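Colleague: Sharing query_17.cif, mmCIF, C-alpha atoms:
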```
data_model
loop_
_atom_site.label_atom_id
_atom_site.label_comp_id
_atom_site.auth_asym_id
_atom_site.auth_seq_id
_atom_site.Cartn_x
_atom_site.Cartn_y
_atom_site.Cartn_z
CA MET R 18 88.95 108.00 103.20
CA THR R 19 92.06 108.77 105.26
CA THR R 20 94.72 106.20 106.10
CA VAL R 21 96.67 106.40 109.38
CA SER R 22 99.69 104.34 110.37
CA VAL R 23 99.42 102.41 113.63
CA VAL R 24 102.17 103.08 116.20
CA THR R 25 103.46 100.05 118.10
CA PRO R 26 105.30 99.95 121.47
CA SER R 27 108.29 98.24 119.87
CA GLY R 28 108.71 101.11 117.41
CA GLN R 29 108.39 98.87 114.35
CA GLY R 30 105.92 99.80 111.65
CA GLY R 31 102.50 98.31 112.18
CA ALA R 32 99.51 98.08 109.89
CA ASP R 33 97.58 100.97 108.34
CA VAL R 34 94.02 101.81 109.41
CA GLU R 35 91.48 103.34 107.05
CA LEU R 36 89.33 105.93 108.83
CA PRO R 37 85.71 106.07 107.61
CA GLY R 38 85.04 109.23 105.64
CA GLU R 39 81.56 109.79 107.07
CA ILE R 40 83.06 110.12 110.58
CA PHE R 41 86.57 111.53 110.09
CA GLY R 42 85.95 113.39 106.83
CA ALA R 43 82.68 115.18 107.62
CA LYS R 44 81.94 118.86 107.07
CA VAL R 45 82.99 121.17 109.92
CA ASN R 46 80.04 123.34 111.03
CA ILE R 47 81.47 125.87 113.50
CA PRO R 48 78.15 127.42 114.69
CA LEU R 49 76.78 123.94 115.35
CA ILE R 50 79.90 122.97 117.31
CA HIS R 51 79.64 126.17 119.37
CA GLN R 52 76.01 125.51 120.24
CA VAL R 53 76.72 121.94 121.30
CA VAL R 54 79.73 122.97 123.43
CA VAL R 55 77.73 125.69 125.19
CA ALA R 56 74.94 123.22 125.91
CA GLN R 57 77.47 120.69 127.21
CA GLU R 58 79.08 123.22 129.56
CA ALA R 59 75.67 124.39 130.74
CA ALA R 60 74.59 120.84 131.52
CA ALA R 61 77.72 120.42 133.64
CA ARG R 62 76.64 123.16 136.01
CA GLN R 63 75.18 121.92 139.30
CA GLY R 64 72.70 124.78 139.71
CA THR R 65 72.71 124.57 143.54
CA HIS R 66 73.44 128.26 144.14
CA ALA R 67 70.90 130.04 146.43
CA THR R 68 70.49 133.26 148.45
CA LYS R 69 68.09 134.38 151.18
CA THR R 70 65.64 137.18 150.92
CA ARG R 71 64.84 139.53 153.83
CA GLY R 72 62.09 137.19 154.93
CA GLU R 73 64.46 134.22 155.11
CA VAL R 74 67.26 135.89 157.06
CA ARG R 75 67.23 135.28 160.79
CA GLY R 76 66.29 138.29 162.97
CA GLY R 77 64.96 141.67 162.06
CA GLY R 78 61.61 141.21 163.61
CA LYS R 79 61.71 144.40 165.70
CA LYS R 80 61.40 147.87 164.28
CA PRO R 81 64.79 149.55 164.80
CA TYR R 82 63.33 152.92 165.89
CA ARG R 83 60.10 154.80 165.89
CA GLN R 84 58.47 155.88 162.73
CA LYS R 85 58.61 159.66 163.30
CA GLY R 86 60.51 162.25 165.27
CA THR R 87 64.08 161.06 164.71
CA GLY R 88 64.78 162.85 161.46
CA ARG R 89 65.99 159.68 159.89
CA ALA R 90 64.43 157.58 157.18
CA ARG R 91 61.77 155.25 158.32
CA GLN R 92 62.88 151.62 158.73
CA GLY R 93 60.92 148.48 159.50
CA SER R 94 63.67 145.84 159.90
CA LEU R 95 67.42 145.56 160.27
CA ARG R 96 67.43 142.67 157.77
CA ALA R 97 66.42 144.87 154.87
CA PRO R 98 68.67 144.69 151.75
CA GLN R 99 70.34 148.05 152.51
CA TYR R 100 71.66 146.79 155.85
CA ALA R 101 74.67 144.60 156.33
CA GLY R 102 73.51 141.10 157.09
CA GLY R 103 70.22 141.73 155.38
CA GLY R 104 68.56 139.77 152.68
CA THR R 105 69.39 139.70 148.92
CA VAL R 106 67.07 141.09 146.29
CA HIS R 107 66.52 138.93 143.18
CA GLY R 108 69.36 136.61 144.07
CA PRO R 109 70.03 133.26 142.38
CA VAL R 110 67.93 130.28 143.32
CA PRO R 111 68.58 126.60 142.66
CA ARG R 112 67.69 125.65 139.07
CA SER R 113 68.79 123.51 136.15
CA TYR R 114 70.81 124.98 133.27
CA GLU R 115 70.33 122.07 130.88
CA GLN R 116 69.57 122.88 127.25
CA ARG R 117 67.70 120.58 124.97
CA THR R 118 70.07 119.43 122.23
CA PRO R 119 68.93 116.90 119.61
CA LYS R 120 70.97 113.75 119.32
CA LYS R 121 71.74 114.33 115.64
CA MET R 122 73.27 117.71 116.47
CA LYS R 123 75.60 116.12 119.02
CA VAL R 124 76.69 113.45 116.56
CA ALA R 125 77.31 115.99 113.79
CA ALA R 126 79.31 118.26 116.10
CA LEU R 127 81.52 115.38 117.31
CA ARG R 128 82.18 114.23 113.75
CA GLY R 129 83.08 117.78 112.76
CA ALA R 130 85.55 118.11 115.64
CA LEU R 131 87.20 114.76 114.81
CA SER R 132 87.35 115.69 111.13
CA ASP R 133 89.10 118.95 112.02
CA ARG R 134 91.76 117.13 114.04
CA THR R 135 92.21 114.57 111.25
CA SER R 136 92.59 117.19 108.51
CA HIS R 137 95.34 118.92 110.51
CA GLY R 138 97.22 115.67 111.16
CA ARG R 139 96.50 115.61 114.90
CA LEU R 140 94.84 112.20 115.12
CA ALA R 141 96.91 109.07 115.79
CA VAL R 142 96.24 105.37 116.36
CA VAL R 143 98.25 103.15 118.72
CA SER R 144 98.13 99.36 118.84
CA ALA R 145 98.80 99.34 122.61
CA PHE R 146 100.58 101.49 125.17
CA VAL R 147 102.09 98.63 127.17
CA GLU R 148 103.20 95.31 125.74
CA ASP R 149 103.36 93.43 129.06
CA GLY R 150 100.39 92.96 131.32
CA GLU R 151 101.76 95.30 134.00
CA PRO R 152 101.22 99.09 134.01
CA SER R 153 104.21 101.19 132.99
CA THR R 154 103.99 104.98 132.95
CA ALA R 155 107.41 105.44 131.36
CA GLY R 156 106.66 102.99 128.54
CA ALA R 157 103.21 104.50 127.90
CA LEU R 158 104.69 108.01 127.82
CA THR R 159 107.30 106.93 125.26
CA VAL R 160 104.62 105.50 122.98
CA LEU R 161 102.46 108.59 123.43
CA ARG R 162 105.33 110.94 122.56
CA THR R 163 106.02 108.93 119.41
CA ALA R 164 102.37 109.07 118.36
CA VAL R 165 102.06 112.81 119.02
CA GLY R 166 105.49 113.73 117.67
CA GLU R 167 106.86 115.39 120.82
CA ALA R 168 110.64 115.43 121.10
CA GLU R 169 110.88 116.66 124.68
CA ALA R 170 110.49 114.55 127.80
CA ARG R 171 107.25 116.25 128.84
CA LEU R 172 104.23 116.91 126.70
CA GLN R 173 103.89 120.54 125.66
CA ARG R 174 100.28 120.26 124.46
CA PRO R 175 97.23 118.59 126.02
CA VAL R 176 96.46 115.15 124.59
CA LEU R 177 93.20 113.21 124.65
CA VAL R 178 93.63 109.43 124.86
CA VAL R 179 90.65 107.23 124.00
CA LEU R 180 90.81 103.70 125.41
CA ALA R 181 88.62 100.64 125.27
CA ALA R 182 86.26 100.07 128.19
CA ASP R 183 88.22 97.07 129.53
CA ASP R 184 91.76 98.44 129.04
CA GLU R 185 92.68 98.98 132.70
CA VAL R 186 96.42 98.52 132.20
CA ALA R 187 96.66 101.47 129.83
CA ARG R 188 94.38 103.54 132.06
CA LYS R 189 96.62 103.04 135.09
CA SER R 190 99.71 103.79 133.01
CA LEU R 191 98.39 107.12 131.71
CA ARG R 192 96.36 108.52 134.60
CA ASN R 193 99.30 110.26 136.33
CA ILE R 194 100.85 111.92 133.28
CA PRO R 195 100.35 115.70 133.18
CA ARG R 196 98.32 117.17 130.28
CA VAL R 197 96.81 113.80 129.40
CA ARG R 198 93.06 113.27 129.51
CA VAL R 199 91.86 109.64 129.39
CA LEU R 200 88.36 108.68 128.23
CA ASP R 201 86.50 105.55 127.23
CA SER R 202 85.29 105.22 123.66
CA GLY R 203 81.71 105.66 124.89
CA GLN R 204 82.58 108.92 126.71
CA LEU R 205 84.08 110.70 123.73
CA ASN R 206 82.51 114.15 123.31
CA THR R 207 82.96 117.36 121.35
CA TYR R 208 84.23 119.50 124.24
CA ASP R 209 87.12 117.18 125.17
CA VAL R 210 88.18 116.88 121.52
CA LEU R 211 88.35 120.66 121.15
CA VAL R 212 90.11 121.28 124.47
CA CYS R 213 92.99 118.92 123.56
CA ASP R 214 95.32 119.53 120.62
CA HIS R 215 95.87 115.85 119.80
CA VAL R 216 93.57 112.82 119.85
CA VAL R 217 95.10 109.36 120.24
CA PHE R 218 93.00 106.20 119.83
CA THR R 219 93.97 102.67 120.65
CA GLN R 220 93.13 100.28 117.86
CA ALA R 221 90.51 98.49 119.98
CA ALA R 222 88.90 101.76 121.09
CA LEU R 223 88.74 103.01 117.51
CA ALA R 224 87.00 99.80 116.41
CA GLU R 225 84.45 100.18 119.24
CA PHE R 226 83.80 103.83 118.42
CA VAL R 227 83.35 103.20 114.69
CA ALA R 228 80.98 100.29 115.34
CA ARG R 229 78.95 102.34 117.85
CA THR R 230 78.54 105.37 115.57
CA GLY R 231 77.41 103.32 112.59
CA GLY R 232 80.60 103.51 110.56
CA GLY R 233 80.80 99.74 110.05
CA GLU R 234 83.83 97.62 110.73
CA LEU R 235 87.30 99.08 110.97
CA VAL R 236 89.40 98.29 107.89
CA THR R 237 93.04 97.36 108.54
CA VAL R 238 95.56 97.24 105.70
CA ASP R 239 98.80 95.32 106.21
CA LYS R 240 101.92 96.97 104.88
CA PRO R 241 103.85 95.06 102.20
CA ALA R 242 106.99 93.31 103.37
CA ALA R 243 110.17 95.25 102.82
CA LYS R 244 112.47 94.09 100.03
CA PRO R 245 115.63 92.28 101.21
CA ALA R 246 118.75 94.40 101.06
CA ARG R 247 121.28 93.63 98.39
CA ALA R 248 124.31 91.60 99.43
CA ALA R 249 127.38 93.77 99.86
CA LYS R 250 130.25 93.11 97.51
CA PRO R 251 133.30 91.53 99.22
CA LYS R 252 136.15 93.95 99.69
CA ALA R 253 139.62 93.08 98.46
CA VAL R 254 141.99 91.85 101.16
CA ASP R 255 145.75 92.28 101.01
CA GLY R 256 147.26 89.17 99.46
CA GLU R 257 143.99 87.90 98.01
CA ASP R 258 142.78 88.44 94.49
CA THR R 259 139.07 88.78 94.04
CA GLU R 260 137.65 87.42 90.83
CA LYS R 261 136.69 90.15 88.40
CA PRO R 262 134.53 89.67 85.34
CA ALA R 263 136.47 88.95 82.17
CA ALA R 264 137.15 92.07 80.13
CA LYS R 265 135.85 92.31 76.57
CA PRO R 266 138.47 91.49 73.86
CA ALA R 267 140.00 94.60 72.36
CA ARG R 268 139.54 95.34 68.68
CA ALA R 269 142.41 94.38 66.32
CA ALA R 270 144.60 97.40 65.60
CA LYS R 271 145.08 98.42 61.98
CA PRO R 272 148.66 97.80 60.67
CA LYS R 273 150.64 101.00 60.32
CA ALA R 274 152.59 101.76 57.15
CA VAL R 275 156.28 100.93 57.33
CA ASP R 276 158.98 102.62 55.27
CA GLY R 277 159.61 100.60 52.16
CA GLU R 278 156.46 98.55 52.41
CA ASP R 279 153.27 99.25 50.56
CA THR R 280 150.16 98.54 52.49
CA GLU R 281 147.27 97.36 50.47
CA LYS R 282 144.61 99.98 50.11
CA PRO R 283 141.02 99.20 49.35
CA ALA R 284 140.15 99.27 45.66
CA ALA R 285 138.73 102.60 44.54
CA LYS R 286 135.15 102.69 43.36
CA PRO R 287 134.74 102.68 39.54
CA ALA R 288 134.18 106.16 38.14
CA ARG R 289 130.83 106.98 36.71
CA ALA R 290 130.48 107.04 32.93
CA ALA R 291 130.97 110.54 31.60
CA LYS R 292 127.95 112.13 30.06
CA PRO R 293 128.22 112.94 26.30
CA LYS R 294 129.20 116.51 25.64
CA ALA R 295 126.77 118.90 24.12
CA ALA R 296 126.23 118.59 20.36
CA ALA R 297 127.10 122.27 19.87
CA GLU R 298 130.77 121.60 20.71
CA GLU R 299 131.13 118.89 18.02
CA GLY R 300 129.49 121.01 15.34
CA GLU R 301 126.36 118.93 15.16
CA GLU R 302 123.03 120.41 15.89
CA PRO R 303 120.83 118.56 18.29
CA ALA R 304 117.77 116.94 16.86
CA ALA R 305 114.72 119.05 17.31
CA LYS R 306 111.99 117.71 19.47
CA PRO R 307 108.89 116.70 17.53
CA ALA R 308 106.14 119.24 17.71
CA LYS R 309 102.96 118.32 19.37
CA ALA R 310 100.45 116.77 17.08
CA PRO R 311 97.63 119.21 16.18
CA SER R 312 94.04 118.23 16.00
CA SER R 313 92.92 115.40 13.68
CA ARG R 314 91.96 117.69 10.74
CA ALA R 315 95.21 119.65 10.94
CA ARG R 316 97.18 116.42 11.10
CA LYS R 317 95.59 115.09 7.93
CA THR R 318 96.34 118.32 5.99
CA ALA R 319 99.96 118.43 7.18
CA THR R 320 100.53 114.80 6.18
CA ALA R 321 99.13 115.35 2.68
CA SER R 322 101.35 118.39 2.04
CA ALA R 323 104.40 116.52 3.23
CA THR R 324 103.69 113.70 0.79
CA GLU R 325 103.35 116.10 -2.17
CA SER R 326 106.64 117.81 -1.36
CA ALA R 327 108.37 114.43 -1.17
CA ASP R 328 107.17 113.49 -4.65
CA ASP R 329 108.35 116.80 -6.15
CA SER R 330 111.82 116.67 -4.67
CA GLY R 331 112.62 113.29 -6.12
CA ALA R 332 116.27 112.46 -5.57
CA ASP R 333 116.88 115.12 -2.96
CA ALA R 334 118.29 113.99 0.33
CA ALA R 335 115.59 113.13 2.78
CA PRO R 336 115.54 115.09 6.02
CA PRO R 337 116.61 113.35 9.18
CA VAL R 338 113.96 111.04 10.46
CA VAL R 339 112.25 112.32 13.52
CA LYS R 340 111.16 109.75 16.00
CA GLN R 341 107.55 110.06 16.93
CA ARG R 342 106.00 109.06 20.17
CA SER R 343 104.38 105.68 20.23
CA SER R 344 101.06 107.01 21.36
CA GLY R 345 97.69 106.15 20.09
CA THR R 346 97.15 109.61 18.62
CA SER R 347 100.34 109.52 16.49
CA ARG R 348 99.51 106.08 15.22
CA LYS R 349 96.11 107.25 14.16
CA SER R 350 97.55 110.33 12.44
CA ALA R 351 100.13 108.21 10.62
CA SER R 352 97.53 105.79 9.40
CA SER R 353 95.25 108.62 8.28
CA GLY R 354 98.15 110.32 6.47
CA SER R 355 99.16 107.21 4.58
CA GLY R 356 95.58 106.73 3.49
CA ALA R 357 95.34 110.27 2.15
CA ALA R 358 98.64 109.82 0.25
CA LYS R 359 97.40 106.67 -1.38
CA GLU R 360 94.25 108.43 -2.49
CA GLU R 361 96.25 111.26 -4.09
CA GLN R 362 98.54 108.80 -5.93
CA GLN R 363 95.54 107.02 -7.32
#
```
Could the structure of this file be written out as structure tokens, please?
Modeller:
Amino acid sequence: MTTVSVVTPSGQGGADVELPGEIFGAKVNIPLIHQVVVAQEAAARQGTHATKTRGEVRGGGKKPYRQKGTGRARQGSLRAPQYAGGGTVHGPVPRSYEQRTPKKMKVAALRGALSDRTSHGRLAVVSAFVEDGEPSTAGALTVLRTAVGEAEARLQRPVLVVLAADDEVARKSLRNIPRVRVLDSGQLNTYDVLVCDHVVFTQAALAEFVARTGGGELVTVDKPAAKPARAAKPKAVDGEDTEKPAAKPARAAKPKAVDGEDTEKPAAKPARAAKPKAAAEEGEEPAAKPAKAPSSRARKTATASATESADDSGADAAPPVVKQRSSGTSRKSASSGSGAAKEEQQ
């Protein structure tokens, strides 16, 4: 659905009109449009042309000369087609040139022509051409130029104006303008739309046309009100002080060091405790890490041998005690070892 802005005589922005898509957004069928235009032009022909044959022309009843003896071709009448003033052979006769065109074809061709003008931005809607009740050609031409987009005083392209049936004021205002064709909404046809470059509807005529062609009611959308402009700031006048917003307080400056005075410095962070030096520097060997406990059988055997060696040594100095992990496995091995030692002592 296409939306078109309505042009007003005052020049102020009017409402927006939504054009029905089934009328102004239909498919353009060029062969169909051509057939309908040809039929329309053929129906406009009067068909009153006629000619006379040699029997209808006055005179020629006497034989011009005898049949034989003259050496010339035999002739029976001076009104024969080969003589000047004679009859016409197979000339036109009065007839009708009308072609039968279905109604649906005419409607489809008109919708295609209007859709073509709409897609190229050559369709406009005007609220009215004259605000007062009196005809005004100058005022109507100004509105028409605004709707079409012509900058010059005269229209450079032909324009089709569609009016309501009872809009006589606009009809009188536009009938003398060159390159303007005025039609009622009920007279709108495919040929006139294609002959003119622009199509301009009045809002009332558009509503009548849409209602007649089965497009429903015309939908009008009001534009939102414009936001009020911001108030301009007052300019400063000589001799007057305008109030300015209070400035933010400045940060307190740090006191500079003065000769002979010691400024207090922030306390330094306590140094981290030094890590103990390696045992190799002090001459002491670092304690060896306890070996991983073997399986349960190997642990029992190792514990028993250690107990026997302890009994044999007697008063020898005991080796440094190695801290064992407090895991469940070591506890079990210790308990199993002590039990084996007790059995050997017994």
Colleague: Check the smallest atom-to-atom distance from each of R:Asn46, R:Ser202, R:Ser22, R:Ser113 to Arg62 (chain R) using only C-alpha atoms, then report the winner.
Modeller: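 With only C-alpha atoms as the atom set, the closest residue is R:Ser113.
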Colleague: Need the shell around Lys123 (chain R): protein/DNA/RNA residues with any atom at most 9 Å away, counting all atoms listed in the file. Skip same-chain ones fewer than 2 positions apart. Format as an mmCIF file with C-alpha atoms, in the frame of the given file?
Modeller:
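What follows is the written file result-v9.cif:
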```cif
data_model
loop_
_atom_site.group_PDB
_atom_site.id
_atom_site.type_symbol
_atom_site.label_atom_id
_atom_site.label_comp_id
_atom_site.auth_asym_id
_atom_site.auth_seq_id
_atom_site.Cartn_x
_atom_site.Cartn_y
_atom_site.Cartn_z
ATOM 1 C CA LEU R 49 76.780 123.940 115.350
ATOM 2 C CA ILE R 50 79.900 122.970 117.310
ATOM 3 C CA VAL R 53 76.720 121.940 121.300
ATOM 4 C CA THR R 118 70.070 119.430 122.230
ATOM 5 C CA PRO R 119 68.930 116.900 119.610
ATOM 6 C CA LYS R 120 70.970 113.750 119.320
ATOM 7 C CA LYS R 121 71.740 114.330 115.640
ATOM 8 C CA ALA R 125 77.310 115.990 113.790
ATOM 9 C CA ALA R 126 79.310 118.260 116.100
ATOM 10 C CA LEU R 127 81.520 115.380 117.310
ATOM 11 C CA ARG R 128 82.180 114.230 113.750
ATOM 12 C CA ASN R 206 82.510 114.150 123.310
ATOM 13 C CA THR R 207 82.960 117.360 121.350
#
```
Colleague: Using the chain letters and numbers from the file, give me the residues hit by the PyMOL selection byres ((chain R and resi 190) around 7), as a list in words.
Modeller: Pro152, Ser153, Thr154, Ala157, Val186, Ala187, Arg188, Lys189, Leu191 and Arg192 of chain R
Colleague: Within 7 Å of Ala97 (chain R), counting only C-alpha atoms, which residues show up once you throw out same-chain ones fewer than 6 positions away? Write them as a list of chain:residue names, please.
Modeller: R:Arg71, R:Gly103, R:Gly104
Colleague: What's around Ser27 (chain R) at 12 Å? Count all atoms listed in the file, leave out sequence neighbours fewer than 5 positions away in its own chain, and write the answer as JSON, numbers by chain.
Modeller: {"R": [143, 144, 145, 146, 147, 148, 149, 156, 157, 159, 160, 163]}
Colleague: Under the PyMOL selection byres ((chain R and resi 38) around 10), which residues of this model are included? Write them out as a VMD selection string.
Modeller: chain R and resid 18 to 19 35 to 37 39 to 43 128 132 232
Colleague: I'd like the neighbourhood of Arg75 (chain R) as a PDB file with C-alpha atoms, in the coordinates of the input, where a residue qualifies if any of its atoms comes within 10 Å (using all atoms listed in the file), though same-chain residues fewer than 2 positions away should be ignored.
Modeller:
```pdb
ATOM      1  CA  LYS R  69      68.090 134.380 151.180  1.00  0.00           C
ATOM      2  CA  ARG R  71      64.840 139.530 153.830  1.00  0.00           C
ATOM      3  CA  GLY R  72      62.090 137.190 154.930  1.00  0.00           C
ATOM      4  CA  GLU R  73      64.460 134.220 155.110  1.00  0.00           C
ATOM      5  CA  GLY R  77      64.960 141.670 162.060  1.00  0.00           C
ATOM      6  CA  GLY R  78      61.610 141.210 163.610  1.00  0.00           C
ATOM      7  CA  ARG R  96      67.430 142.670 157.770  1.00  0.00           C
ATOM      8  CA  GLY R 102      73.510 141.100 157.090  1.00  0.00           C
ATOM      9  CA  GLY R 103      70.220 141.730 155.380  1.00  0.00           C
ATOM     10  CA  GLY R 104      68.560 139.770 152.680  1.00  0.00           C
TER      11      GLY R 104
END
```
Colleague: Could you work out how far CA of Cys213 (chain R) lies from CA of Asp184 (chain R), giving the answer in Å with one decimal?
Modeller: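 One can read the CA of Asp184 (chain R) to CA of Cys213 (chain R) distance as 21.2 Å.
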